[in-house]
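Only one structure is covered here, and it is reproduced in the block below.
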Amino acid sequence: MSAVDTHLVGVFEDVVRRNPGEREFHQAVREVLESLAPVVEKHPEYTEASIIERMCEPERQIIFRVPWVDDEGNVRVNRGFRVEFNSALGPYKGGLRFHPSVYLGIVKFLGFEQIFKNSLTGLPIGGGKGGSDFDPQGRSDGEIMRFCQSFMAELHRHIGEYTDVPAGDIGVGLREVGFLFGQYKRLTNKYESGVLTGKGLNWGGSLVRTEATGYGTVFFAAEMLKAKGDDFEGKRVVVSGSGNVATYAAEKVHQLGGTVIACSDSAGYIVDEKGIDVDEVKDIKEVRRGRIKEYLEKHPHASYVAGGSIWDVSCDIALPCATQNEIEEDHAIHLVKNGCVLVAEGANMPCTPEAIHVVQDAGILYAPGKAANAGGVATSALEMQQNASRDSWSFEYTEDRLQQIVRDIHKRCVTTADQYGRPGNYVVGANISGFTRVAEAMLAFGVI
Ligand code: NDP
Ligand code: 2IT
């Protein structure tokens, strides 16, 4: 092992020791550190200034009690988190996740990924993430509202348009951002549009933000295919999940001539060989807040598999858009064996490290989430630009901006991978390129 490798292994061991039990955080750190040896070799000043050690330690971590009253009058208690990871490039920026699995290790993995993703966009945003172990499933609008208000009763002290700008993630969409923004406005007596993104269109939101993560993921995949002289036309695509990212990824695949044949939720998956009816998925998930198996009511020719893994379905292109570690080694082996040519991550860290190795060793195209799903947060930054200038842009203009940003990210990944002797490796390209911008800013600021 070279001195640099030994140093990086030591940094990783320290992270594991200092953050016990935070499995997902360790996984995210490892994946980034494994890419960094060549850039650290070239820049001894990063080691001298302990840049990587500092990057692995959040600037600030806030953990708070969230008490609320359910519809039966019971007092409930959840835990709230905001991890303000790195503000070298701009205010902390990243979503809030409401899901029963949320604990500090998940928030830190997401916040850590967000640093490099946000850097890759080329826009002035730092990295952060937050959320709660609150489970929104089966909760009434009143319960969601009271929870969001209690969550913001603490969070409002820590955020602001120049400080920290949360948005949505799993379990947090337009409805929740509405309740959060309303409470922020009430507590601060300020109509500070730039404090949250993913807002409604008539109260400071941006056109295309709803679609942006899914559309961006498909734009990114389209760029990868284009570089190989290929496109989405006629491709059979599997998209996991049926939430915000999955729905709009599916919509864009259809616009580009591919066919999405399967999607899922946490209870099971549907297969519709005629192509998933995206408007019906929107109706089930966005309007009725129902379950994906209800799809069969209007499409009896489709099939529903309870439990199981959607990755048992063969496809040309796999777009995991649900959650972390959903594609395991066996699923990856199945995908490769059945002719899959591309995996692009709409979700954050949906492939396990073993699955990534299978996919990369097979030589098929693979895009990590921090590159492939960066269109979402990039459009959040466009929302912030519109808020700062009290302007609102058209759908076409905003979608063009999104597409251009995604093309630039793709180019950055490809160029950086080439420059470091790893052509075609989007993991190396994304990690080194995202890392370098943050490292240079941190160096400029001195030891802080
Ligand atoms: P949503 O809450 O809108 O949808 C999540 C979907 O994934 C649902 O279908 C949900 O099923 C499923 N899902 C969630 N957790 C699990 C689980 N543990 N096991 C199986 N299925 C699960 O979230 P988003 O679409 O916003 O987010 C999806 C992914 O995309 C996440 O990884 C998120 O971090 C990432 N992402 C989101 C961005 C955004 O702008 N929203 C931006 C970039 C990345 P069910 O309803 O049954 O729980
Ligand atoms: O993972 C992500 O990039 C998000 N959930 C979106 C973050 C944002 O601030 O728009």
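Scheme for the structure tokens: letters A, B, ... for chains in order shown; per-chain residue numbers from 1; ligand numbers from 1 in order shown.
The set of residues in region 280-369 of chain A assigned to strand (DSSP E or B) by DSSP, using only backbone atoms of this structure, is Ser303, Tyr304, Val305, Ala306, Ile317, Ala318, Leu319, Ile327, Leu342, Val343, Ala344, Cys351, Leu365, Tyr366 and Ala367 of chain A.
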Keeping N, CA, C and O atoms, export the residues of the selection given above as an mmCIF file, in the first residue's frame.
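File again-v4.cif, as written:
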```
data_model
loop_
_atom_site.group_PDB
_atom_site.id
_atom_site.type_symbol
_atom_site.label_atom_id
_atom_site.label_comp_id
_atom_site.auth_asym_id
_atom_site.auth_seq_id
_atom_site.Cartn_x
_atom_site.Cartn_y
_atom_site.Cartn_z
ATOM 1 N N SER A 303 -49.684 -7.237 -13.532
ATOM 2 C CA SER A 303 -49.600 -8.188 -12.416
ATOM 3 C C SER A 303 -48.975 -7.495 -11.198
ATOM 4 O O SER A 303 -48.216 -6.515 -11.345
ATOM 5 N N TYR A 304 -49.318 -8.003 -10.022
ATOM 6 C CA TYR A 304 -48.781 -7.445 -8.787
ATOM 7 C C TYR A 304 -48.091 -8.560 -8.007
ATOM 8 O O TYR A 304 -48.635 -9.650 -7.871
ATOM 9 N N VAL A 305 -46.889 -8.287 -7.554
ATOM 10 C CA VAL A 305 -46.170 -9.263 -6.732
ATOM 11 C C VAL A 305 -45.994 -8.649 -5.338
ATOM 12 O O VAL A 305 -45.348 -7.599 -5.194
ATOM 13 N N ALA A 306 -46.611 -9.278 -4.356
ATOM 14 C CA ALA A 306 -46.475 -8.774 -2.983
ATOM 15 C C ALA A 306 -45.098 -9.162 -2.453
ATOM 16 O O ALA A 306 -44.618 -10.275 -2.702
ATOM 17 N N ILE A 317 -32.642 -1.301 -18.876
ATOM 18 C CA ILE A 317 -32.148 -0.192 -18.064
ATOM 19 C C ILE A 317 -32.802 -0.254 -16.680
ATOM 20 O O ILE A 317 -34.015 -0.433 -16.573
ATOM 21 N N ALA A 318 -31.980 -0.124 -15.645
ATOM 22 C CA ALA A 318 -32.488 -0.166 -14.272
ATOM 23 C C ALA A 318 -32.328 1.214 -13.640
ATOM 24 O O ALA A 318 -31.212 1.753 -13.608
ATOM 25 N N LEU A 319 -33.427 1.782 -13.144
ATOM 26 C CA LEU A 319 -33.382 3.073 -12.466
ATOM 27 C C LEU A 319 -33.913 2.903 -11.043
ATOM 28 O O LEU A 319 -35.109 3.023 -10.790
ATOM 29 N N ILE A 327 -30.645 -2.570 -4.229
ATOM 30 C CA ILE A 327 -30.078 -3.518 -5.203
ATOM 31 C C ILE A 327 -28.896 -4.209 -4.538
ATOM 32 O O ILE A 327 -27.857 -3.592 -4.277
ATOM 33 N N LEU A 342 -27.477 -0.573 -18.455
ATOM 34 C CA LEU A 342 -27.237 0.672 -17.712
ATOM 35 C C LEU A 342 -27.984 0.673 -16.377
ATOM 36 O O LEU A 342 -29.150 0.290 -16.323
ATOM 37 N N VAL A 343 -27.289 1.105 -15.337
ATOM 38 C CA VAL A 343 -27.917 1.334 -14.026
ATOM 39 C C VAL A 343 -27.628 2.785 -13.644
ATOM 40 O O VAL A 343 -26.462 3.179 -13.558
ATOM 41 N N ALA A 344 -28.691 3.569 -13.451
ATOM 42 C CA ALA A 344 -28.505 4.962 -13.003
ATOM 43 C C ALA A 344 -29.344 5.179 -11.755
ATOM 44 O O ALA A 344 -30.542 4.880 -11.739
ATOM 45 N N CYS A 351 -27.556 1.021 -4.537
ATOM 46 C CA CYS A 351 -26.796 -0.208 -4.802
ATOM 47 C C CYS A 351 -25.833 -0.463 -3.643
ATOM 48 O O CYS A 351 -25.114 0.446 -3.213
ATOM 49 N N LEU A 365 -22.844 0.297 -18.014
ATOM 50 C CA LEU A 365 -22.808 1.686 -17.580
ATOM 51 C C LEU A 365 -23.426 1.816 -16.187
ATOM 52 O O LEU A 365 -24.504 1.283 -15.939
ATOM 53 N N TYR A 366 -22.733 2.535 -15.312
ATOM 54 C CA TYR A 366 -23.236 2.709 -13.949
ATOM 55 C C TYR A 366 -23.025 4.146 -13.493
ATOM 56 O O TYR A 366 -21.901 4.657 -13.517
ATOM 57 N N ALA A 367 -24.124 4.804 -13.071
ATOM 58 C CA ALA A 367 -24.013 6.181 -12.562
ATOM 59 C C ALA A 367 -24.433 6.233 -11.102
ATOM 60 O O ALA A 367 -25.558 5.868 -10.755
#
```
Taking a cut-off of 7 Å and counting only C-alpha atoms and all ligand atoms, can you build a table that, for each residue of chain A near ligand 2, reports the nearest atom pair and how far apart they are in Å (one decimal), sorted by chain then residue number, as CSV?
```
residue,atom,partner,partner_atom_place_in_ligand_line,distance
A:Lys93,CA,ligand 2,9 (O),5.0
A:Gly94,CA,ligand 2,9 (O),3.6
A:Gly95,CA,ligand 2,5 (N),4.1
A:Leu96,CA,ligand 2,5 (N),6.9
A:Leu110,CA,ligand 2,1 (O),6.9
A:Gln114,CA,ligand 2,3 (O),6.3
A:Val165,CA,ligand 2,9 (O),6.9
A:Pro166,CA,ligand 2,9 (O),5.6
A:Ala167,CA,ligand 2,9 (O),4.6
A:Gly168,CA,ligand 2,5 (N),5.5
A:Asp169,CA,ligand 2,5 (N),4.1
A:Thr197,CA,ligand 2,10 (O),6.4
A:Gly198,CA,ligand 2,10 (O),7.0
A:Asn348,CA,ligand 2,1 (O),6.4
A:Asn373,CA,ligand 2,3 (O),6.7
A:Ala374,CA,ligand 2,3 (O),5.9
A:Gly376,CA,ligand 2,10 (O),5.4
A:Val377,CA,ligand 2,10 (O),3.6
A:Ser380,CA,ligand 2,10 (O),4.7
```
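Using only C-alpha atoms and all ligand atoms, the nearest neighbour of ligand 1 within the list A:His158, A:Lys42, A:Arg82, A:Arg291 is A:Arg291.
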Please provide as a compact mmCIF listing (two decimals) with all heavy atoms, in the first residue's frame all residues within 10 Å of Glu45 (chain A), with the sequence filter that same-chain residues fewer than 6 positions apart are discarded (counting only C-alpha atoms).
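Once everything was written out, this is part.txt:
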```txt
# COMPACT_ATOMS: atom_id res chain seq x y z
N ILE A 51 -7.85 17.98 5.07
CA ILE A 51 -9.12 18.29 4.41
C ILE A 51 -10.10 17.12 4.52
O ILE A 51 -11.29 17.32 4.82
CB ILE A 51 -8.86 18.63 2.90
CG1 ILE A 51 -8.07 19.94 2.78
CG2 ILE A 51 -10.17 18.69 2.12
CD1 ILE A 51 -8.82 21.18 3.14
N ALA A 439 -12.73 20.86 -1.60
CA ALA A 439 -11.40 20.90 -0.99
C ALA A 439 -10.71 22.24 -1.26
O ALA A 439 -10.10 22.82 -0.35
CB ALA A 439 -10.55 19.74 -1.55
N GLU A 440 -10.82 22.73 -2.47
CA GLU A 440 -10.17 24.01 -2.81
C GLU A 440 -10.76 25.16 -1.99
O GLU A 440 -10.03 26.03 -1.51
CB GLU A 440 -10.31 24.29 -4.32
CG GLU A 440 -9.43 23.37 -5.20
CD GLU A 440 -7.93 23.56 -4.95
OE1 GLU A 440 -7.50 24.69 -4.65
OE2 GLU A 440 -7.18 22.56 -5.04
N LEU A 443 -9.51 24.87 1.60
CA LEU A 443 -8.11 25.33 1.70
C LEU A 443 -8.05 26.85 1.77
O LEU A 443 -7.31 27.41 2.58
CB LEU A 443 -7.32 24.87 0.47
CG LEU A 443 -6.57 23.55 0.49
CD1 LEU A 443 -5.73 23.43 -0.79
CD2 LEU A 443 -5.66 23.45 1.72
```
Q: Enumerate the residues of region 254-377 of chain A with a DSSP assignment of helix (DSSP H, G or I), computed from the backbone, and present them as an MDAnalysis selection string.
A: chainID A and resid 254:255 278:287 292:298 310:312 329:337 353:361 369:372 374:377
Q: Collect all residues with atoms no farther than 6 Å from ligand 1, counting only C-alpha atoms and all ligand atoms, and output them as a VMD selection string.
A: chain A and resid 168 to 171 213 241 to 246 265 to 267 321 to 324 346 to 348 373 376
Q: Mind checking which residues fall within 8 Å of Glu383 (chain A), counting only C-alpha atoms, ignoring those fewer than 3 positions away in the same chain, and posting them as an NGL selection string?
A: :A and (194 or 197-198 or 204-206 or 209 or 379-380 or 386-387)
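Counting only C-alpha atoms and comparing A:Lys282, A:Asp272, A:Leu104, A:Phe147, the residue that lies closest to Pro20 (chain A) is A:Leu104.
Minimum atom-to-atom distances from A:Val83, A:Leu155, A:Ile62, A:Ala249 to Phe220 (chain A) were compared using only C-alpha atoms, and the lowest value belongs to A:Ala249.
Using only C-alpha atoms, the protein and nucleic acid residues lying no more than 9 Å from Phe435 (chain A), apart from those fewer than 2 places from it along its own chain, are Val32, Leu36, Ile115, Phe116, Ser119, Leu120, Ala430, Asn431, Ile432, Ser433, Arg437, Val438, Ala439 and Glu440 of chain A.
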**Q.** Residues within 8 Å of Ile292 (chain A), only C-alpha atoms, excluding chain neighbours under 4 positions, as number ranges by chain
**A.** A: 242, 264-265, 268-270, 281, 284-285
**Q.** Residues near region 416-420 of chain A, cut-off 8 Å, only C-alpha atoms, skip fewer than 2 positions along chain, as a list in words
**A.** Pro38, Val39, Arg412, Cys413, Val414, Arg422, Pro423, Gly424, Asn425, Tyr426, Val428, Gly429, Ala430, Ile432 and Ser433 of chain A
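The gap separating CA of Val218 (chain A) from CA of Glu329 (chain A) is 23.4 Å, in Å to one decimal.
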